[in-house]
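A.B. asks: Pasting in a structure now, in structure tokens, and then I'll have a few things to ask.
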Amino acid sequence: MIIDCHVHLYPDAAIADPAGWAAARGESRWAAMVGPRADGGASLQGWANEERLLRDMDAAGVDRAVLLGWYWEHAATCAEQNRFFAEVVRRHPDRLEAFATLHAGAGIEAVRAELARCRDEGLSGLGELCPPAQGFGYDDPALAAALELAAEWRWPVNLHVTEPAGRAYPGRVETPFLELLALAARHPAVRFVLAHWGGLLPFFELNRAVAKALANVWYDTAASPLLYRPEVFRLVTQAVGAERILYGSDYPLRLYPKHQAEPEFARFLAEIRGSGLSAAELAAVLGGNWQRLRGA
Ligand SMILES: [Zn+2]
């Protein structure tokens, strides 16, 4: 069973005119992320609607995908994305699950009400969130309230994490590892998924105290080829164990811009299969871990 736990999907209107769609909603960070690159190069963003997503999953043998919301700057955009996801998972419950997104600026009661609605509508997790990009703190009371619900409902929580040392790119925000450690410690019952290999936070788990503080944390592999050398699979497996690693692609991002004019799943899956992990480790990373995380 191959489960991609980090996929993005947007409404047709956003795909047709990303800049206009974003401008109408005041979502300038997303527009910068998906728009033309500052150096004039083609955007890394690929686009795929629901139909194309399912076709590309079929072509690469991906059984299920977890749709992640975006870390929007406004609560209204979060709600719009959540309603869109509710429709999508209603159409394809066998292939797709979807997470709710939120903006803490809405306040505790509004966030609670929105998440309760999402749960009624069949959404099943929280994320992808990125408080520094959204304009609120990791210690915001509305985020804390949302995390309490996530613990109660056994919803995984996906956070966008960047590496503290690395190149500048559109959408880059600072990643305070100490705040992430504190967040995981404040919410021990929440299963956190730190995206993009947690910005290499797993290597800090060589420190036993850090490993202890992050016992409720998993790491996804989203956008890995754009960020890190392929050895990252083997090395993180050595550092924290394959059971804490979850396959996620960040589709429809073009992970191999020189070779991929269009989004697809197969090339990254081939890289993972060739990364030197054992058959058992691969089965865990590619889907087994997600099933355990969901079921546990
Ligand atoms: Zn991300």
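Convention: chains lettered A, B, ... in structure tokens order; per-chain residue numbering from 1; ligands numbered from 1 as shown.
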Using only C-alpha atoms and all ligand atoms, which protein or nucleic acid residues are at most 9 Å from ligand 1, as a PyMOL selection string?
C.D. replies: chain A and resi 6+70-71+128-130+158-162+194-196+222-223+250
A.B. asks: Select from range 56-145 of chain A every residue with an atom at most 10 Å from any atom of range 22-25 of chain A, then for each give the shortest pair of atoms and their distance in Å to one decimal, using only C-alpha atoms, rows by chain and rising number, as a tab-separated table.
C.D. replies:
```
residue	atom	partner	partner_atom	distance
A:Trp72	CA	A:Arg25	CA	9.6
A:Glu73	CA	A:Arg25	CA	9.1
A:His74	CA	A:Arg25	CA	7.9
A:Ala76	CA	A:Arg25	CA	8.3
A:Thr77	CA	A:Arg25	CA	6.9
```
A.B. asks: Please, could you write that set of residues out with C-alpha atoms as an mmCIF file, in the first residue's frame?
C.D. replies:
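Saved the output as selection_39.cif:
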```
data_model
loop_
_atom_site.group_PDB
_atom_site.id
_atom_site.type_symbol
_atom_site.label_atom_id
_atom_site.label_comp_id
_atom_site.auth_asym_id
_atom_site.auth_seq_id
_atom_site.Cartn_x
_atom_site.Cartn_y
_atom_site.Cartn_z
ATOM 1 C CA TRP A 72 -3.222 30.655 4.337
ATOM 2 C CA GLU A 73 -2.880 34.133 5.796
ATOM 3 C CA HIS A 74 -6.637 34.556 6.267
ATOM 4 C CA ALA A 76 -11.709 32.961 5.161
ATOM 5 C CA THR A 77 -9.319 31.307 2.710
#
```
A.B. asks: Per DSSP on the backbone, what are the strand (DSSP E or B) residues of range 50-233 of chain A, as a ChimeraX atom specification?
C.D. replies: /A:64-67,96-98,100,126-129,157-159,192-194,217-220
A.B. asks: So that I can see what lies close to range 29-44 of chain A, please list as a PDB file with N, CA, C and O atoms, in the first residue's frame the residues with an atom at most 9 Å from it, counting only C-alpha atoms and leaving out residues fewer than 6 positions away in the same chain.
C.D. replies:
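out-v3.pdb written:
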```pdb
ATOM      1  N   PRO A  18      -3.865  31.660 -10.751  1.00  0.00           N
ATOM      2  CA  PRO A  18      -3.340  31.707  -9.375  1.00  0.00           C
ATOM      3  C   PRO A  18      -3.147  33.131  -8.874  1.00  0.00           C
ATOM      4  O   PRO A  18      -3.527  33.445  -7.732  1.00  0.00           O
ATOM      5  N   ALA A  19      -2.582  34.000  -9.712  1.00  0.00           N
ATOM      6  CA  ALA A  19      -2.293  35.367  -9.252  1.00  0.00           C
ATOM      7  C   ALA A  19      -3.584  36.114  -8.930  1.00  0.00           C
ATOM      8  O   ALA A  19      -3.693  36.779  -7.892  1.00  0.00           O
ATOM      9  N   GLY A  20      -4.562  36.025  -9.813  1.00  0.00           N
ATOM     10  CA  GLY A  20      -5.830  36.721  -9.600  1.00  0.00           C
ATOM     11  C   GLY A  20      -6.590  36.153  -8.412  1.00  0.00           C
ATOM     12  O   GLY A  20      -7.146  36.891  -7.593  1.00  0.00           O
ATOM     13  N   TRP A  21      -6.583  34.835  -8.314  1.00  0.00           N
ATOM     14  CA  TRP A  21      -7.281  34.157  -7.202  1.00  0.00           C
ATOM     15  C   TRP A  21      -6.671  34.592  -5.872  1.00  0.00           C
ATOM     16  O   TRP A  21      -7.373  34.890  -4.914  1.00  0.00           O
ATOM     17  N   ALA A  22      -5.325  34.623  -5.824  1.00  0.00           N
ATOM     18  CA  ALA A  22      -4.633  34.997  -4.587  1.00  0.00           C
ATOM     19  C   ALA A  22      -4.859  36.478  -4.263  1.00  0.00           C
ATOM     20  O   ALA A  22      -5.087  36.839  -3.102  1.00  0.00           O
ATOM     21  N   ALA A  23      -4.813  37.321  -5.296  1.00  0.00           N
ATOM     22  CA  ALA A  23      -4.973  38.762  -5.064  1.00  0.00           C
ATOM     23  C   ALA A  23      -6.351  39.057  -4.489  1.00  0.00           C
ATOM     24  O   ALA A  23      -6.493  39.889  -3.577  1.00  0.00           O
ATOM     25  N   TRP A  70      -3.389  24.571   2.768  1.00  0.00           N
ATOM     26  CA  TRP A  70      -2.258  25.481   2.738  1.00  0.00           C
ATOM     27  C   TRP A  70      -2.253  26.339   3.999  1.00  0.00           C
ATOM     28  O   TRP A  70      -3.275  26.465   4.664  1.00  0.00           O
ATOM     29  N   TYR A  71      -1.102  26.919   4.313  1.00  0.00           N
ATOM     30  CA  TYR A  71      -1.012  27.812   5.487  1.00  0.00           C
ATOM     31  C   TYR A  71      -1.389  29.221   5.055  1.00  0.00           C
ATOM     32  O   TYR A  71      -0.556  30.120   4.990  1.00  0.00           O
ATOM     33  N   TRP A  72      -2.694  29.373   4.803  1.00  0.00           N
ATOM     34  CA  TRP A  72      -3.222  30.655   4.337  1.00  0.00           C
ATOM     35  C   TRP A  72      -3.057  31.733   5.384  1.00  0.00           C
ATOM     36  O   TRP A  72      -3.011  31.459   6.584  1.00  0.00           O
ATOM     37  N   GLU A  73      -3.044  32.985   4.899  1.00  0.00           N
ATOM     38  CA  GLU A  73      -2.880  34.133   5.796  1.00  0.00           C
ATOM     39  C   GLU A  73      -4.211  34.639   6.341  1.00  0.00           C
ATOM     40  O   GLU A  73      -4.236  35.546   7.164  1.00  0.00           O
ATOM     41  N   ALA A 133       4.656  31.886   8.901  1.00  0.00           N
ATOM     42  CA  ALA A 133       4.227  32.423   7.610  1.00  0.00           C
ATOM     43  C   ALA A 133       2.797  32.967   7.682  1.00  0.00           C
ATOM     44  O   ALA A 133       2.414  33.814   6.877  1.00  0.00           O
ATOM     45  N   GLN A 134       2.030  32.460   8.628  1.00  0.00           N
ATOM     46  CA  GLN A 134       0.633  32.875   8.725  1.00  0.00           C
ATOM     47  C   GLN A 134       0.441  34.092   9.624  1.00  0.00           C
ATOM     48  O   GLN A 134      -0.618  34.707   9.616  1.00  0.00           O
ATOM     49  N   TYR A 169      14.683  30.984  -0.667  1.00  0.00           N
ATOM     50  CA  TYR A 169      13.763  30.632  -1.751  1.00  0.00           C
ATOM     51  C   TYR A 169      12.406  31.220  -1.406  1.00  0.00           C
ATOM     52  O   TYR A 169      12.166  31.599  -0.254  1.00  0.00           O
ATOM     53  N   PRO A 170      11.521  31.321  -2.417  1.00  0.00           N
ATOM     54  CA  PRO A 170      10.227  31.963  -2.161  1.00  0.00           C
ATOM     55  C   PRO A 170       9.483  31.226  -1.051  1.00  0.00           C
ATOM     56  O   PRO A 170       9.398  30.003  -1.079  1.00  0.00           O
ATOM     57  N   GLY A 171       8.989  31.954  -0.093  1.00  0.00           N
ATOM     58  CA  GLY A 171       8.206  31.333   0.967  1.00  0.00           C
ATOM     59  C   GLY A 171       9.038  30.871   2.133  1.00  0.00           C
ATOM     60  O   GLY A 171       8.528  30.321   3.092  1.00  0.00           O
ATOM     61  N   LEU A 253       4.139  19.828  -6.926  1.00  0.00           N
ATOM     62  CA  LEU A 253       5.411  20.526  -7.105  1.00  0.00           C
ATOM     63  C   LEU A 253       6.264  19.732  -8.104  1.00  0.00           C
ATOM     64  O   LEU A 253       6.235  18.502  -8.101  1.00  0.00           O
ATOM     65  N   ARG A 254       7.055  20.444  -8.922  1.00  0.00           N
ATOM     66  CA  ARG A 254       7.970  19.748  -9.844  1.00  0.00           C
ATOM     67  C   ARG A 254       9.278  19.505  -9.095  1.00  0.00           C
ATOM     68  O   ARG A 254      10.092  20.399  -8.918  1.00  0.00           O
ATOM     69  N   LEU A 255       9.433  18.282  -8.613  1.00  0.00           N
ATOM     70  CA  LEU A 255      10.555  17.948  -7.726  1.00  0.00           C
ATOM     71  C   LEU A 255      11.875  17.847  -8.470  1.00  0.00           C
ATOM     72  O   LEU A 255      12.939  17.910  -7.865  1.00  0.00           O
ATOM     73  N   TYR A 256      11.797  17.640  -9.783  1.00  0.00           N
ATOM     74  CA  TYR A 256      13.010  17.524 -10.618  1.00  0.00           C
ATOM     75  C   TYR A 256      12.853  18.502 -11.775  1.00  0.00           C
ATOM     76  O   TYR A 256      12.563  18.092 -12.900  1.00  0.00           O
ATOM     77  N   PRO A 257      13.034  19.787 -11.504  1.00  0.00           N
ATOM     78  CA  PRO A 257      12.680  20.798 -12.513  1.00  0.00           C
ATOM     79  C   PRO A 257      13.383  20.603 -13.854  1.00  0.00           C
ATOM     80  O   PRO A 257      12.815  20.964 -14.891  1.00  0.00           O
TER      81      PRO A 257
END
```
A.B. asks: Using DSSP on the backbone coordinates, identify the residues of range 57-239 of chain A assigned to alpha helix (DSSP H); present them as a count of residues only.
C.D. replies: 79
A.B. asks: Go through A:Leu286, A:Pro225, A:Ala280, A:Arg292 one by one, measure the shortest atom-to-atom distance of each to His259 in chain A using only C-alpha atoms, and give the residue with the smallest value.
C.D. replies: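 Using only C-alpha atoms, His259 in chain A sits closest to A:Pro225.
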A.B. asks: Got a sec: who's within 12 Å of Glu51 in chain A, counting only C-alpha atoms, leaving out chain neighbours fewer than 6 positions off, as JSON, numbers by chain?
C.D. replies: {"A": [9, 10, 11, 12, 57, 58, 88, 91, 92, 95, 96]}
A.B. asks: Might you pull out every residue within 7 Å of range 111-120 of chain A, with only C-alpha atoms counted and same-chain residues fewer than 5 positions away left off, and present them as a count of residues only?
C.D. replies: 7
A.B. asks: Between CA of Glu231 in chain A and CA of Trp218 in chain A, measure the distance and give it in Å to one decimal.
C.D. replies: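 We find that CA of Glu231 in chain A and CA of Trp218 in chain A lie 18.4 Å from each other.
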A.B. asks: Tell me which protein, DNA and RNA residues are within 7 Å of Ala60 in chain A, counting only C-alpha atoms, leaving out same-chain ones fewer than 3 positions away, and put them as a ChimeraX atom specification.
C.D. replies: /A:56-57,265-266
A.B. asks: Would you put the residues from that selection into a file with all heavy atoms, as an mmCIF file, in the first residue's frame?
C.D. replies:
```
data_model
loop_
_atom_site.group_PDB
_atom_site.id
_atom_site.type_symbol
_atom_site.label_atom_id
_atom_site.label_comp_id
_atom_site.auth_asym_id
_atom_site.auth_seq_id
_atom_site.Cartn_x
_atom_site.Cartn_y
_atom_site.Cartn_z
ATOM 1 N N ASP A 56 -2.540 10.552 -12.210
ATOM 2 C CA ASP A 56 -1.106 10.431 -11.915
ATOM 3 C C ASP A 56 -0.850 9.421 -10.792
ATOM 4 O O ASP A 56 0.166 8.714 -10.800
ATOM 5 C CB ASP A 56 -0.521 11.799 -11.529
ATOM 6 C CG ASP A 56 -0.354 12.724 -12.736
ATOM 7 O OD1 ASP A 56 -0.512 12.245 -13.886
ATOM 8 O OD2 ASP A 56 -0.075 13.921 -12.531
ATOM 9 N N MET A 57 -1.764 9.358 -9.820
ATOM 10 C CA MET A 57 -1.641 8.339 -8.771
ATOM 11 C C MET A 57 -1.724 6.951 -9.381
ATOM 12 O O MET A 57 -0.902 6.070 -9.086
ATOM 13 C CB MET A 57 -2.750 8.510 -7.721
ATOM 14 C CG MET A 57 -2.559 9.714 -6.797
ATOM 15 S SD MET A 57 -4.045 10.089 -5.819
ATOM 16 C CE MET A 57 -4.192 8.589 -4.805
ATOM 17 N N PHE A 265 4.329 11.346 -9.984
ATOM 18 C CA PHE A 265 4.793 10.696 -8.760
ATOM 19 C C PHE A 265 5.966 9.743 -8.973
ATOM 20 O O PHE A 265 6.697 9.427 -8.039
ATOM 21 C CB PHE A 265 3.649 9.872 -8.136
ATOM 22 C CG PHE A 265 2.515 10.685 -7.592
ATOM 23 C CD1 PHE A 265 1.398 10.953 -8.374
ATOM 24 C CD2 PHE A 265 2.546 11.167 -6.292
ATOM 25 C CE1 PHE A 265 0.337 11.694 -7.870
ATOM 26 C CE2 PHE A 265 1.496 11.911 -5.776
ATOM 27 C CZ PHE A 265 0.389 12.177 -6.569
ATOM 28 N N ALA A 266 6.137 9.230 -10.204
ATOM 29 C CA ALA A 266 6.966 8.041 -10.395
ATOM 30 C C ALA A 266 8.458 8.278 -10.133
ATOM 31 O O ALA A 266 9.137 7.427 -9.539
ATOM 32 C CB ALA A 266 6.760 7.499 -11.810
#
```
A.B. asks: Which of these, A:Ala239, A:Glu262, A:Leu183, A:Pro230, has the shortest distance to Ser275 in chain A once you count only C-alpha atoms?
C.D. replies: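 Closest residue, counting only C-alpha atoms: A:Pro230.
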A.B. asks: Tell me which protein, DNA and RNA residues are within 6 Å of Val7 in chain A, counting only C-alpha atoms, leaving out same-chain ones fewer than 2 positions away, and put them as a short mmCIF file (atom, residue, chain, number, x, y, z; two decimals) with N, CA, C and O atoms, in the first residue's frame.
C.D. replies:
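Okay, this is what ended up in part-v6.cif:
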```cif
data_model
loop_
_atom_site.label_atom_id
_atom_site.label_comp_id
_atom_site.auth_asym_id
_atom_site.auth_seq_id
_atom_site.Cartn_x
_atom_site.Cartn_y
_atom_site.Cartn_z
N VAL A 66 -2.99 11.93 0.91
CA VAL A 66 -3.50 12.80 1.96
C VAL A 66 -3.37 14.23 1.46
O VAL A 66 -2.27 14.72 1.21
N LEU A 67 -4.52 14.89 1.30
CA LEU A 67 -4.52 16.27 0.80
C LEU A 67 -4.32 17.21 1.97
O LEU A 67 -5.05 17.16 2.95
N LEU A 68 -3.32 18.06 1.85
CA LEU A 68 -3.04 19.03 2.90
C LEU A 68 -3.51 20.41 2.47
O LEU A 68 -3.29 20.82 1.33
N ASP A 250 4.77 16.30 -1.92
CA ASP A 250 4.49 17.71 -2.20
C ASP A 250 3.95 17.90 -3.62
O ASP A 250 3.95 19.02 -4.14
N TYR A 251 3.51 16.80 -4.27
CA TYR A 251 2.80 16.92 -5.54
C TYR A 251 1.75 18.02 -5.41
O TYR A 251 1.11 18.09 -4.36
#
```
A.B. asks: Between CA of Trp290 in chain A and CA of Asp4 in chain A, what is the spacing in Å?
C.D. replies: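 Straight-line distance from CA of Asp4 in chain A to CA of Trp290 in chain A works out to 8.9 Å.
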A.B. asks: How many Å separate CA of Asp94 in chain A from CA of Val190 in chain A?
C.D. replies: 25.3 Å
A.B. asks: Find the nearest atom pair between each residue of range 5-103 of chain A and range 152-155 of chain A for residues within 12 Å, count only C-alpha atoms, give distances in Å to one decimal, sort rows by chain and ascending number, and present the table as JSON lines.
C.D. replies:
```
{"residue": "A:Glu97", "atom": "CA", "partner": "A:Trp155", "partner_atom": "CA", "distance": 11.8}
{"residue": "A:Ala98", "atom": "CA", "partner": "A:Trp155", "partner_atom": "CA", "distance": 10.8}
{"residue": "A:Phe99", "atom": "CA", "partner": "A:Trp155", "partner_atom": "CA", "distance": 8.6}
{"residue": "A:Ala100", "atom": "CA", "partner": "A:Trp155", "partner_atom": "CA", "distance": 9.8}
```
